[in-house]
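Below is one structure; the comments refer to it alone.
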Amino acid sequence: MLKFPLRAIDVARIVGGEIEGDENFEVFGIKESESAGERDLTVWNGKDRINDKVGVVISNQRPHISFSAFIKVENYRLALAKLLEFFEPKGRKFLGSPIIEDGAEISESAVIGPFSYISRGAKIGENVVIYPFVFVGENVEIGENTVIFPFVYIGWGTKVGKNCIIYPGAVIGSEGFGFERTEEGWVRIPQVGRVVLGDNVRVGANTCIDRATFGETLVSDGVRIDNLVQIAHNVKIGENTVIASQTGIAGGTKIGKWNVFAGQVGITDHVKIGDNVVILAGSGVDRDVEDNKILAGKIPARERLEFWRCASLFFKLPEIYERLKELEKKLK
Amino acid sequence: MLKFPLRAIDVARIVGGEIEGDENFEVFGIKESESAGERDLTVWNGKDRINDKVGVVISNQRPHISFSAFIKVENYRLALAKLLEFFEPKGRKFLGSPIIEDGAEISESAVIGPFSYISRGAKIGENVVIYPFVFVGENVEIGENTVIFPFVYIGWGTKVGKNCIIYPGAVIGSEGFGFERTEEGWVRIPQVGRVVLGDNVRVGANTCIDRATFGETLVSDGVRIDNLVQIAHNVKIGENTVIASQTGIAGGTKIGKWNVFAGQVGITDHVKIGDNVVILAGSGVDRDVEDNKILAGKIPARERLEFWRCASLFFKLPEIYERLKELEKKLK
Amino acid sequence: MLKFPLRAIDVARIVGGEIEGDENFEVFGIKESESAGERDLTVWNGKDRINDKVGVVISNQRPHISFSAFIKVENYRLALAKLLEFFEPKGRKFLGSPIIEDGAEISESAVIGPFSYISRGAKIGENVVIYPFVFVGENVEIGENTVIFPFVYIGWGTKVGKNCIIYPGAVIGSEGFGFERTEEGWVRIPQVGRVVLGDNVRVGANTCIDRATFGETLVSDGVRIDNLVQIAHNVKIGENTVIASQTGIAGGTKIGKWNVFAGQVGITDHVKIGDNVVILAGSGVDRDVEDNKILAGKIPARERLEFWRCASLFFKLPEIYERLKELEKKLK
C-alpha cells in the first residue's frame, strides 16, 4: 500500500504517463483540482476549475497554470483508477475462525473471517476473501478472487462468478415475492430457483437480488449495481449494464447489455429493455424499450407554489384540451 | 425434499389434479411454458406462449399442443405453490450455539443458529427457526413456526406472531424518526412504543419497520411486505395488505385490509387508506383514500427529448390555461 | 427506567411544567390525545382531537375538557422528549466478548458486544456502546457516547463523532460507485477517501453512506438521517439538515445547513443546495437550489383513469400549445 509523499516520477510510472517538469518533486496528498495546492497531486479533466499553482497534474491536456510537474496520459480516469488502487488496503487477514459445515469445499488460498458461516455443499474458489459476518447457504458456489463484505447473505444454490465484489449488507438469493390470493389470505409460492451472478459483477451495499420462482435470476458478467437496489425474481440483466442506487426492477423483466440506469429508476415487471439504453434518474418505465434509447420520466422539482399550480392544472388537462378543441371548431 | 426426475402421476398427487395421458412419464425439470421442452414440467396460465411439445403441463385448461401428460387443476397458481414447496430445503439445523441471556424462554423445539444473540425476557415459541446472525432484543416475543433469516434486528419489546417469515437484513423495532427543533439542533424524541407483527406476516429483505413513539406500529395478520420497504413509526396496516419493494409509508398513517401497493409507492404521514385499494407503482399518495379505489400517479418515462418538451410545458400550464381562457372570452 | 403508574407531580417535575389539579393523581399509561382516557397521560398539541375526560394532560394550552391534572409547559414536544427518555432501557450490557485486533485502542468505559469485530488502529471513545454484530474497520475513530446498533459496517478510516447513534444495518464507508468505461467493461475507480460524521449525527437503519473517491464524504454535526437513505461519495451535508427515508443524494452534491428533505427525494450529482431549504416528498432535484426555498416535484396520485387521461395529455402538451398559439394568431 502506497503512502504519501510520492515523487512525480513514481506517479508517472504507476499511471503510465509522460512526465514534464521536476521528476523528483514530492507531493503530499491527492485532491480535487479546485482545491489542490502546491504540494498536492491532482487529476484534471480539462474542464473543472483548477488552482493557479498545483504540485503535480495528471491530465490528457496540458493545463495553463503553474505546476512543478505535469503527467500526460491518454485517459485521466483510467490513470486515476490505476493510481488509487495503490492506496487501498490489501491482503486483509482476520483474527479467529468461521464455522464451516461438513461437506463445504474451501480452497486453500481463500480467507474466511471469523463469525462467518459456510453451509454444506458450498464451494469457495481460490483467493476469495470473505469478511466476518457472511452467511453462505447450502451449495453456493463462489468463484476465484471474489470479495464478500460483512453482513452479506447468500442464499442456497446461488452461483457467484469470479472477481466479483459484494458490498456490506447485500442480500442475494432471498425469496422472490410471489403469492396467490385465496379467501383466507395470500398463499406463498415457494421460490425454488436461484440467483446466478456472472464474473466481475459488483453488488452494492444493502442491495437485494431475489431468487427465481424456478430457473434463474441472472446478473451477467461485468454488471455494476449500486446500493439499495431491488432486483426481483427471474429478472435477467445483460453484460456491463450499470444500475445506480435505489433503482428497482420488477419480476421477470429482461434487460440488455451496456445499459445505464440512473438512481431511483423503476422498471415494471415482464418488460424487455434493449441494449445501450440510458434511463435518467427517477424515471418509471412501464413498457418495452428498444436499443439505444435515452429515456426520461421525472418532472423536476420547482418552487412549491409554481409546482402545485402546474400540478393542479395537470388534472385539468382533459378540460383544457376540450376547451381548446371547442375554440378551434368555432373559429372554423 | 423432492428431486427430479418425477413421474406425472406423482406430480398429479401433489397438486391434487386430474391426469390425462401417460401417468408414468418422467420429467427432469420445471420450466416456464415458453422454454419447457419434451422432458420438462410446466405450469401454464392459458395465455403465455407455450412450446409445441411439452412433457407434462399443469393448467386449468387443456393446451392445444403435444404433451405426454396433462394435469388439470382448478387454480394453477395454487398448484404451483403446492408443488414448489416440495423443492425447498427443509429442517435446517446449524453447527454451533447462540448466546442466550439469562431469563430468555426458548421452547425446546426451536432451532437457534450460532452467532445469534437472544436477550433477557425474550420468548421464543415452538418450532421457531432462527438463523445465525439474528439479534433478538429484550422482551421480544416470537410466535410458533416463525422463521427469521440472518442479519435481522428485532428491537426490544417487539411482538412477532406465528408463522411469520422475516427475510435477511430486515430491521424491526428500530427507533422512529422523531425530533423537535431547537436553536442548538434537533432534540430526539425517544420512541418507546413497540412494533407488533400479527400472524402469517412476511417481512422482506432489508425492510425497516420502526417502533412507535408510544403505542404500537402494527402490521396485521397476513400482510406481505417486500424488500427495502420503509414503515415509519405508528403506522397501522390492516390484514392481508401487500406492499411491494421500495415503498415507503410515513408516520402515523392508517392502512386498511387487502390493499395492494406496487413498487416505489410513497404514502405521506397521517393519512387513512381504506380497504381493497390498489396503488400503482411509483405513485405518491398525499391524502386519504376511500375503499376500492385504484390510484395511479407516475408519468411514464418516454424518449428523453419528448419527455423534456412536455415537462417544460408542464411549467407553462398556468400560462396555457390563461391564454385559453382569453381566447374563449374573445370568441364570445 | 421509569414505569407506570406515575403521579402527576412526578411527571411535572420530569418535564419541568406547572401543575394544576390533583398532584397525586396516578396515570397508568401514555396515549395519543384522541385515545387517552381517565387513567392515562397524554401530550396535547392544542389542535388534535382529545377525549372529554383525560387523566393528565401536558400541553402549552389549557384544554377545555375534564382532567385530573393539567401540566403547563412551554414546548410540549420537548416535554415529551424529556419524559420518554425515562422509559427507554438504559445501560445495556452484553454477555460474551468481541474480537479485537492488536493495536485497537478501546476506552475502558466503552461497552462492546460479543460477535463484534474491531480492527487494528481503531479508536473507541469513552462510554461508546457497540452492540453485537458490528464491524469496525481499520483506523476507524468513534467519539465518546456514540451508540452503534447491530449489523452496522464502518469501513476503514471512517471518523464518527461524539453522541452519534447509528441504527441497525447502516453501511458507512463502503465503496463509492465510480467506474470508467472501456471496451472490455467498466474499470473500477478505487475509492480511497473516507466518511466523516460530525457530532450528534443520526444514521438510520439500512442507510448507506459511501466513502469518497478521495477526500471526504462529510455529514456535519447534528444531521439526522432516516432509514434506507443513500448518500453517495463526496457528498457534503451541512449542520442540522434532516433527511427522511429512502431519499438519495448523488455523488459530489453539496448541501447546506438546516435543510429538511422529506421521504423519497432524489438529488442529482454535483449540485449545490443552500441553507434552510425544504424539499417535499418524492421530488427530484436536478439543479442548484438557493437558500430558503421550498421545493415540490411530485404529481400526486389520483384515481387511475383520471390520472392516465391527464398523463396521456401530458405527452400532447406540445401539440396543445401549438394549437393554442395557432388560435391566437387567427383571432388577431
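Going by the C-alpha cells order, chains are called A, B, ..., each with residues numbered from 1, while ligands are numbered from 1 in the order shown.
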
Listing only residues of stretch 221-258 of chain B within 12 Å of stretch 194-207 of chain A, what is the closest atom pair and its distance in Å (to one decimal) for each, using only C-alpha atoms, sorted by chain and residue number ascending, as a Markdown table?
| residue | atom | partner | partner_atom | distance |
| --- | --- | --- | --- | --- |
| B:Asn227 | CA | A:Thr207 | CA | 9.3 |
| B:Leu228 | CA | A:Thr207 | CA | 8.4 |
| B:Ser245 | CA | A:Thr207 | CA | 11.6 |
| B:Gln246 | CA | A:Thr207 | CA | 11.1 |

### Query
Hey, what does DSSP flag as helix (DSSP H, G or I) within stretch 8-174 of chain C? Can you give it to me as a PyMOL selection string?
chain C and resi 8-15+76-85

### Task
With a cut-off of 8 Å and counting only C-alpha atoms, select all residues of chain A in contact with chain B and give the selection as number ranges by chain.
A: 99, 101, 115, 117, 133, 135, 151, 153, 169, 171, 174-175, 177, 180, 185-192, 206, 208, 214-215, 228, 230, 246, 248, 250, 266, 268, 283-286, 293-300, 306-307, 309-311, 313-314, 320, 323-324, 327, 330

## Note on the structure
From the list A:Ile209, A:Gly125, A:Val57, A:Gly193, the nearest residue to A:Ile166 using only C-alpha atoms is A:Ile209

### Message
Could you go through stretch 118-305 of chain B and tell me which residues DSSP, when run on the backbone, assigns to strand (DSSP E), listing them as an NGL selection string?
### Response
:B and (118 or 123-124 or 129-130 or 134-136 or 141-142 or 147-148 or 152-154 or 159-160 or 165-166 or 171-174 or 179-182 or 185-188 or 194-197 or 202-203 or 208-210 or 216-219 or 224-225 or 230-231 or 236-237 or 242-243 or 248-249 or 254-255 or 260-261 or 266-267 or 272-273 or 278-279 or 284-285 or 294-296 or 302-303)

Emit the selected residues as a compact mmCIF listing (two decimals), in the first residue's frame, including C-alpha atoms.
# COMPACT_ATOMS: atom_id res chain seq x y z
CA ILE B 118 -31.14 -13.64 22.40
CA LYS B 123 -39.88 -15.70 24.48
CA ILE B 124 -39.27 -17.96 21.51
CA VAL B 129 -36.16 -21.28 13.31
CA ILE B 130 -33.68 -18.51 13.96
CA VAL B 134 -30.02 -12.63 14.44
CA PHE B 135 -30.31 -10.09 17.23
CA VAL B 136 -33.36 -10.54 19.43
CA GLU B 141 -41.94 -12.43 21.71
CA ILE B 142 -41.75 -14.70 18.69
CA VAL B 147 -38.59 -18.28 10.60
CA ILE B 148 -36.05 -15.49 10.96
CA VAL B 152 -32.34 -9.47 11.24
CA TYR B 153 -32.59 -7.00 14.12
CA ILE B 154 -35.62 -7.25 16.37
CA LYS B 159 -44.05 -8.94 19.24
CA VAL B 160 -43.84 -11.25 16.23
CA ILE B 165 -41.11 -15.20 7.76
CA ILE B 166 -38.60 -12.41 8.22
CA VAL B 171 -34.83 -4.18 10.85
CA ILE B 172 -37.89 -4.38 13.06
CA GLY B 173 -38.32 -2.09 16.01
CA SER B 174 -35.53 0.36 15.38
CA PHE B 179 -37.34 15.26 16.61
CA GLU B 180 -38.13 18.69 17.91
CA ARG B 181 -36.31 21.70 16.57
CA THR B 182 -34.40 23.94 18.96
CA GLY B 185 -30.23 21.49 16.91
CA TRP B 186 -32.83 18.77 16.75
CA VAL B 187 -33.77 17.11 20.03
CA ARG B 188 -34.50 13.42 19.70
CA ARG B 194 -43.13 -1.07 20.00
CA VAL B 195 -43.76 -3.00 16.80
CA VAL B 196 -46.42 -5.70 16.66
CA LEU B 197 -46.49 -8.15 13.77
CA ARG B 202 -43.90 -11.62 5.66
CA VAL B 203 -41.18 -9.01 6.01
CA CYS B 208 -37.38 -1.38 8.05
CA ILE B 209 -40.34 -1.19 10.43
CA ASP B 210 -39.86 1.46 13.11
CA GLU B 216 -47.72 0.43 18.54
CA THR B 217 -46.64 0.23 14.96
CA LEU B 218 -48.99 -2.51 13.78
CA VAL B 219 -48.67 -4.96 10.90
CA ARG B 224 -46.94 -9.32 2.84
CA ILE B 225 -44.08 -6.86 2.67
CA GLN B 230 -39.97 1.63 4.94
CA ILE B 231 -42.77 1.50 7.52
CA LYS B 236 -51.09 0.65 11.20
CA ILE B 237 -51.54 -1.84 8.37
CA VAL B 242 -49.49 -6.45 0.10
CA ILE B 243 -46.67 -3.92 -0.14
CA GLY B 248 -42.39 3.97 1.95
CA ILE B 249 -45.18 4.76 4.39
CA LYS B 254 -53.51 4.05 8.79
CA ILE B 255 -53.94 1.49 6.07
CA VAL B 260 -52.09 -3.88 -2.92
CA PHE B 261 -49.32 -1.30 -3.19
CA GLY B 266 -44.86 6.72 -1.24
CA ILE B 267 -47.63 7.49 1.24
CA LYS B 272 -56.06 6.98 6.01
CA ILE B 273 -56.17 4.43 3.22
CA VAL B 278 -54.69 -0.64 -5.30
CA ILE B 279 -51.89 1.89 -5.70
CA GLY B 284 -47.19 9.41 -4.28
CA VAL B 285 -50.29 9.49 -2.11
CA ILE B 294 -57.27 2.20 -7.87
CA LEU B 295 -54.74 5.02 -7.80
CA ALA B 296 -52.03 5.95 -10.26
CA ARG B 302 -40.54 8.44 -22.68
CA GLU B 303 -37.75 9.24 -25.07
